[in-house]
$ cat coords36.txt   # compact mmCIF, C-alpha atoms
# COMPACT_ATOMS: atom_id res chain seq x y z
CA GLY A 910 28.34 40.45 7.29
CA GLY A 911 25.38 42.78 7.01
CA PHE A 912 23.15 40.22 5.34
CA ILE A 913 23.62 37.66 8.14
CA LYS A 914 22.96 40.29 10.81
CA SER A 915 19.83 41.59 9.08
CA MET A 916 18.45 38.07 8.62
CA GLY A 917 19.20 37.31 12.27
CA VAL A 918 17.29 40.39 13.40
CA PHE A 919 14.44 39.53 11.03
CA MET A 920 14.23 35.99 12.45
CA LEU A 921 14.15 37.28 16.04
CA VAL A 922 11.44 39.82 15.24
CA VAL A 923 9.24 37.28 13.45
CA THR A 924 9.73 34.64 16.15
CA THR A 925 8.91 37.14 18.91
CA GLY A 926 5.83 38.34 17.00
CA VAL A 927 4.54 34.80 16.56
CA ALA A 928 5.15 33.99 20.23
CA LEU A 929 3.33 37.12 21.43
CA PHE A 930 0.40 37.44 19.03
CA LYS A 931 -0.29 33.99 17.57
CA SER A 932 -2.39 31.47 19.46
CA GLU A 933 -3.65 28.01 18.53
CA ALA A 934 -7.07 26.53 19.22
CA ARG A 935 -6.24 23.07 20.56
CA GLU A 936 -9.66 21.96 21.82
CA GLY A 937 -10.89 19.02 19.85
CA LEU A 938 -7.79 19.02 17.65
CA ASP A 939 -5.61 16.84 19.86
CA SER A 940 -8.20 14.07 20.16
CA ALA A 941 -8.84 14.07 16.41
CA LEU A 942 -5.14 13.88 15.67
CA ASP A 943 -4.64 11.12 18.21
CA ASP A 944 -7.44 9.04 16.69
CA ALA A 945 -6.07 9.53 13.18
CA GLU A 946 -2.52 8.59 14.23
CA GLU A 947 -3.72 5.47 16.05
CA ASP A 948 -5.53 4.32 12.93
CA ALA A 949 -2.63 5.02 10.59
CA GLU A 950 0.55 4.36 12.54
CA LEU A 951 1.68 2.40 15.57
CA ASP A 952 3.99 4.14 17.97
CA ALA A 953 7.35 2.41 18.44
CA SER A 954 6.76 2.47 22.18
CA LYS A 955 3.64 0.32 21.71
CA ILE A 956 5.25 -2.42 19.64
CA GLY A 957 8.72 -2.09 21.15
CA ILE A 958 12.04 -1.06 19.66
CA GLY A 959 12.99 -4.65 18.89
CA GLU A 960 9.79 -5.28 16.93
CA THR A 961 10.21 -1.98 15.08
CA TYR A 962 13.71 -2.94 13.92
CA ARG A 963 12.52 -6.44 13.04
CA ARG A 964 9.87 -4.97 10.77
CA LEU A 965 12.39 -2.59 9.23
CA TRP A 966 14.78 -5.47 8.55
CA ALA A 967 11.94 -7.43 6.96
CA ALA A 968 11.20 -4.44 4.76
CA CYS A 969 14.86 -4.31 3.72
CA GLN A 970 14.59 -7.89 2.43
CA LEU A 971 11.92 -6.95 -0.09
CA PRO A 972 13.29 -6.92 -3.68
CA ALA A 973 11.58 -3.61 -4.47
CA VAL A 974 13.14 -1.93 -1.42
CA GLN A 975 16.58 -3.31 -2.25
CA THR A 976 16.27 -1.98 -5.80
CA LEU A 977 15.24 1.40 -4.40
CA PHE A 978 18.29 1.39 -2.11
CA LEU A 979 20.53 0.65 -5.11
CA VAL A 980 19.03 3.56 -7.06
CA LEU A 981 19.34 5.93 -4.10
CA LEU A 982 23.00 5.00 -3.54
CA THR A 983 24.05 5.40 -7.19
CA TYR A 984 21.88 7.94 -9.01
CA ARG A 985 23.99 10.90 -7.86
CA LEU A 986 27.24 9.51 -9.27
CA PRO A 987 26.89 11.23 -12.68
CA THR A 988 26.27 14.59 -10.98
CA ALA A 989 28.72 14.32 -8.07
CA LEU A 990 31.18 16.84 -9.51
CA SER A 991 28.42 19.30 -10.35
CA ASP A 992 26.88 19.02 -6.89
CA ASN A 993 30.04 19.17 -4.80
CA VAL A 994 32.96 20.58 -6.79
CA LYS A 995 31.49 23.16 -9.16
CA GLN A 996 31.30 26.01 -6.65
CA LEU A 997 34.79 25.26 -5.33
CA LYS A 998 36.24 25.36 -8.85
CA ALA A 999 34.34 28.58 -9.57
CA VAL A 1000 35.90 30.22 -6.49
CA GLU A 1001 39.29 28.85 -7.55
CA PHE A 1002 38.81 30.40 -11.01
CA GLY A 1003 38.03 33.79 -9.49
CA LEU A 1004 34.35 33.90 -8.49
CA SER A 1005 34.12 35.83 -5.23
CA LYS A 1006 32.67 34.14 -2.17
CA GLN A 1007 30.41 37.17 -1.71
CA THR A 1008 28.82 36.49 -5.11
CA THR A 1009 28.38 32.82 -4.24
CA ALA A 1010 26.75 33.69 -0.91
CA LEU A 1011 24.48 36.27 -2.57
CA LEU A 1012 23.07 33.69 -4.99
CA SER A 1013 21.54 31.63 -2.19
CA PRO A 1014 18.92 34.11 -0.89
CA LEU A 1015 18.29 35.73 -4.28
CA VAL A 1016 18.04 32.62 -6.46
CA ILE A 1017 18.02 29.33 -4.55
CA LEU A 1018 15.60 30.22 -1.73
CA PRO A 1019 12.76 31.62 -3.92
CA LEU A 1020 13.04 28.69 -6.32
CA GLY A 1021 12.99 26.23 -3.43
CA ILE A 1022 9.62 27.66 -2.40
CA ALA A 1023 8.06 28.09 -5.84
CA VAL A 1024 9.21 24.94 -7.64
CA PRO A 1025 7.26 22.36 -5.54
CA ILE A 1026 4.05 24.37 -5.96
CA ILE A 1027 4.47 24.61 -9.71
CA ALA A 1028 5.59 20.98 -10.01
CA ASN A 1029 2.40 19.76 -8.32
CA LYS A 1030 0.34 21.54 -10.99
CA ILE A 1031 2.42 20.06 -13.82
CA TRP A 1032 2.89 16.43 -12.72
CA HIS A 1033 -0.28 16.14 -10.59
CA GLY A 1034 1.21 13.91 -7.90
CA ALA A 1035 3.21 11.56 -10.19
CA PRO A 1036 6.51 11.57 -8.28
CA LEU A 1037 8.42 9.06 -10.40
CA THR A 1038 7.63 10.91 -13.63
CA GLN A 1039 8.63 14.17 -11.98
CA PHE A 1040 11.86 12.66 -10.64
CA LEU A 1041 12.90 11.14 -13.97
CA SER A 1042 12.10 14.31 -15.91
CA ALA A 1043 14.23 16.36 -13.52
CA TYR A 1044 17.03 13.79 -13.62
CA GLN A 1045 17.21 13.82 -17.42
CA PHE A 1046 17.42 17.59 -17.30
CA ARG A 1047 20.04 17.41 -14.54
CA VAL A 1048 22.51 15.20 -16.42
CA THR A 1049 22.21 17.11 -19.71
CA ILE A 1050 21.23 20.79 -19.73
CA VAL A 1051 22.43 21.52 -16.17
CA ALA A 1052 25.82 19.94 -16.93
CA LEU A 1053 26.22 22.15 -20.00
CA PHE A 1054 25.36 25.27 -18.00
CA ASP A 1055 27.90 24.25 -15.33
CA VAL A 1056 30.66 24.03 -17.94
CA ALA A 1057 29.57 27.37 -19.42
CA MET A 1058 29.58 28.93 -15.96
CA LEU A 1059 33.12 27.76 -15.14
CA HIS A 1060 34.35 28.90 -18.55
CA SER A 1061 32.75 32.33 -18.07
CA VAL A 1062 34.27 32.75 -14.61
CA ARG A 1063 37.71 31.79 -15.84
CA THR A 1064 37.44 34.09 -18.89
CA SER A 1065 36.29 36.96 -16.68
CA THR A 1066 39.28 36.49 -14.38
CA LEU A 1067 41.72 36.40 -17.29
CA ASN A 1068 40.17 39.65 -18.58
CA GLY A 1069 40.84 41.46 -15.33
CA GLY A 1070 37.57 40.68 -13.59
CA HIS A 1071 35.33 42.31 -16.19
CA ARG A 1072 31.78 40.97 -15.68
CA THR A 1073 29.70 40.77 -18.87
CA ALA A 1074 26.08 39.83 -19.42
CA THR A 1075 27.26 36.40 -20.55
CA PHE A 1076 29.05 35.94 -17.25
CA TRP A 1077 25.98 36.72 -15.16
CA THR A 1078 23.72 34.66 -17.41
CA ALA A 1079 25.98 31.63 -17.01
CA VAL A 1080 26.41 32.02 -13.24
CA ILE A 1081 22.76 32.71 -12.44
CA GLY A 1082 21.51 30.17 -15.00
CA SER A 1083 23.74 27.39 -13.64
CA THR A 1084 22.74 28.13 -10.03
CA ALA A 1085 19.03 28.45 -10.83
CA LEU A 1086 18.85 25.28 -12.93
CA GLN A 1087 20.63 23.24 -10.28
CA ALA A 1088 18.29 24.60 -7.61
CA ILE A 1089 15.24 23.77 -9.75
CA VAL A 1090 16.21 20.16 -10.49
CA HIS A 1091 17.33 19.58 -6.91
CA SER A 1092 14.00 20.86 -5.59
CA LEU A 1093 12.05 18.80 -8.14
CA GLN A 1094 13.89 15.60 -7.24
CA PHE A 1095 13.73 16.12 -3.49
CA ASN A 1096 10.02 16.93 -3.62
CA ALA A 1097 9.31 13.88 -5.80
CA GLN A 1098 11.46 11.67 -3.59
CA MET A 1099 9.64 12.66 -0.39
CA THR A 1100 6.24 12.30 -2.05
CA PHE A 1101 7.13 8.83 -3.29
CA PHE A 1102 8.45 7.75 0.10
CA ALA A 1103 5.32 8.98 1.87
CA SER A 1104 3.06 7.10 -0.54
CA ARG A 1105 4.89 3.78 -0.19
CA VAL A 1106 5.79 3.41 3.48
CA ASP A 1107 4.16 0.79 5.70
CA PRO A 1108 1.62 2.71 7.85
CA ALA A 1109 2.38 0.48 10.83
CA ILE A 1110 5.92 1.87 11.08
CA GLY A 1111 5.56 4.97 8.94
CA GLY A 1112 7.93 7.30 10.79
CA SER A 1113 10.68 4.69 11.16
CA TYR A 1114 10.25 3.59 7.54
CA MET A 1115 10.58 7.19 6.32
CA THR A 1116 13.74 7.59 8.39
CA LEU A 1117 15.20 4.43 6.86
CA LEU A 1118 14.51 5.59 3.29
CA ASN A 1119 15.82 9.09 3.96
CA THR A 1120 18.98 7.64 5.50
CA ALA A 1121 19.59 5.62 2.34
CA ALA A 1122 18.95 8.72 0.22
CA ASN A 1123 21.36 10.81 2.32
CA LEU A 1124 24.07 8.17 2.01
$ encode --input "coords36.txt" --output "structure tokens"
Amino acid sequence: GGFIKSMGVFMLVVTTGVALFKSEAREGLDSALDDAEEDAELDASKIGIGETYRRLWAACQLPAVQTLFLVLLTYRLPTALSDNVKQLKAVEFGLSKQTTALLSPLVILPLGIAVPIIANKIWHGAPLTQFLSAYQFRVTIVALFDVAMLHSVRTSTLNGGHRTATFWTAVIGSTALQAIVHSLQFNAQMTFFASRVDPAIGGSYMTLLNTAANL
């Protein structure tokens, strides 16, 4: 549609502008970065792939890491329907796909940018507190807004598609709240991972934790 085309043109213009007019001063930066990386993290090529996986396996045997894996694999169960089925049911009840697509750039994208900045000022780098606060909100208030949103969509369809202020409040509120808690949890999760990984295999360790989180 028109939105996709306009965003595609915008991306090409910005990318071309950056390529033509933006330059980076690399002198002195590469050596400083190399020194910092050597101090903080070993490259897998230096210790070997086998040794990297051996260290990762050893990390997986730690009780704290196993508990973290268990949390990562189960904490989304109470919100699985909200995360994966809500939008499908809303479309089934009569919410247009155009409305669903419009919510992403107008609601989700701005919140995804603003929420981490605001969260850092509120929780001051306490990722677990931030994560738990967002999770409590996610399984209570967000769930109620999801039910209200589906009820509003279904009522609107039964009334011939008439869109009231209650309808838009429920739809936008449900989408915005889910985007906020998702951004809060993801930001807290990545901050926590980065603060706990073994510096010797930092990149591989982060990949392991993110893989468990994605599963």
$ closest_residue --input "coords36.txt" --among "A:Ile958, A:Val1048, A:Ala1074, A:Ile913" --to "A:Leu1011" --atoms "only C-alpha atoms"
A:Ile913
$ closest_residue --input "coords36.txt" --among "A:Leu1053, A:Met1115, A:Ala968, A:Val1080" --to "A:Val1000" --atoms "only C-alpha atoms"
A:Val1080
$ closest_residue --input "coords36.txt" --among "A:Thr1009, A:Asp992, A:Leu1020, A:Asn1119" --to "A:Val1106" --atoms "all atoms listed in the file"
A:Asn1119
$ closest_residue --input "coords36.txt" --among "A:Asn1029, A:Arg1047, A:Leu1004, A:Ile1022" --to "A:His1071" --atoms "all atoms listed in the file"
A:Leu1004
$ residues_near_point --input "coords36.txt" --point "(23.6, 20.1, -10.8)" --cutoff "9 Å" --atoms "all atoms listed in the file" --output "VMD selection string"
chain A and resid 988 to 993 995 1047 to 1048 1051 to 1052 1055 1083 to 1084 1086 to 1088 1090 to 1091
$ residues_around --input "coords36.txt" --residues "A:Tyr984" --least-positions-apart "4" --cutoff "12 Å" --atoms "all atoms listed in the file" --output "list in words"
Thr976, Leu977, Phe978, Leu979, Val980, Thr988, Ala989, Phe1040, Leu1041, Tyr1044, Gln1045, Arg1047, Val1048, Gln1094, Ala1121, Ala1122, Asn1123 and Leu1124 of chain A
$ closest_residue --input "coords36.txt" --among "A:Trp966, A:Phe1046, A:Phe1054, A:Trp1077" --to "A:Leu1012" --atoms "only C-alpha atoms"
A:Trp1077
$ residues_around --input "coords36.txt" --residues "A:Phe1076" --least-positions-apart "4" --cutoff "7 Å" --atoms "all atoms listed in the file" --output "VMD selection string"
chain A and resid 1061 to 1062 1072 1080
$ atom_distance --input "coords36.txt" --atom1 "atom CA of A:Phe1102" --atom2 "atom CA of A:Leu1037"
10.6 Å
$ atom_distance --input "coords36.txt" --atom1 "atom CA of A:Thr961" --atom2 "atom CA of A:Gln975"
18.5 Å
$ atom_distance --input "coords36.txt" --atom1 "atom CA of A:Thr1116" --atom2 "atom CA of A:Thr1038"
23.1 Å
$ residues_around --input "coords36.txt" --residues "A:Gly1003" --least-positions-apart "6" --cutoff "12 Å" --atoms "only C-alpha atoms" --output "short mmCIF file (atom, residue, chain, number, x, y, z; two decimals) with C-alpha atoms, in the coordinates of the input"
data_model
loop_
_atom_site.label_atom_id
_atom_site.label_comp_id
_atom_site.auth_asym_id
_atom_site.auth_seq_id
_atom_site.Cartn_x
_atom_site.Cartn_y
_atom_site.Cartn_z
CA GLN A 996 31.30 26.01 -6.65
CA LEU A 997 34.79 25.26 -5.33
CA THR A 1009 28.38 32.82 -4.24
CA MET A 1058 29.58 28.93 -15.96
CA LEU A 1059 33.12 27.76 -15.14
CA HIS A 1060 34.35 28.90 -18.55
CA SER A 1061 32.75 32.33 -18.07
CA VAL A 1062 34.27 32.75 -14.61
CA ARG A 1063 37.71 31.79 -15.84
CA THR A 1064 37.44 34.09 -18.89
CA SER A 1065 36.29 36.96 -16.68
CA THR A 1066 39.28 36.49 -14.38
CA LEU A 1067 41.72 36.40 -17.29
CA ASN A 1068 40.17 39.65 -18.58
CA GLY A 1069 40.84 41.46 -15.33
CA GLY A 1070 37.57 40.68 -13.59
CA HIS A 1071 35.33 42.31 -16.19
CA ARG A 1072 31.78 40.97 -15.68
#
$ closest_residue --input "coords36.txt" --among "A:Phe1095, A:Phe930, A:Tyr962, A:Phe1002" --to "A:Ala1028" --atoms "all atoms listed in the file"
A:Phe1095
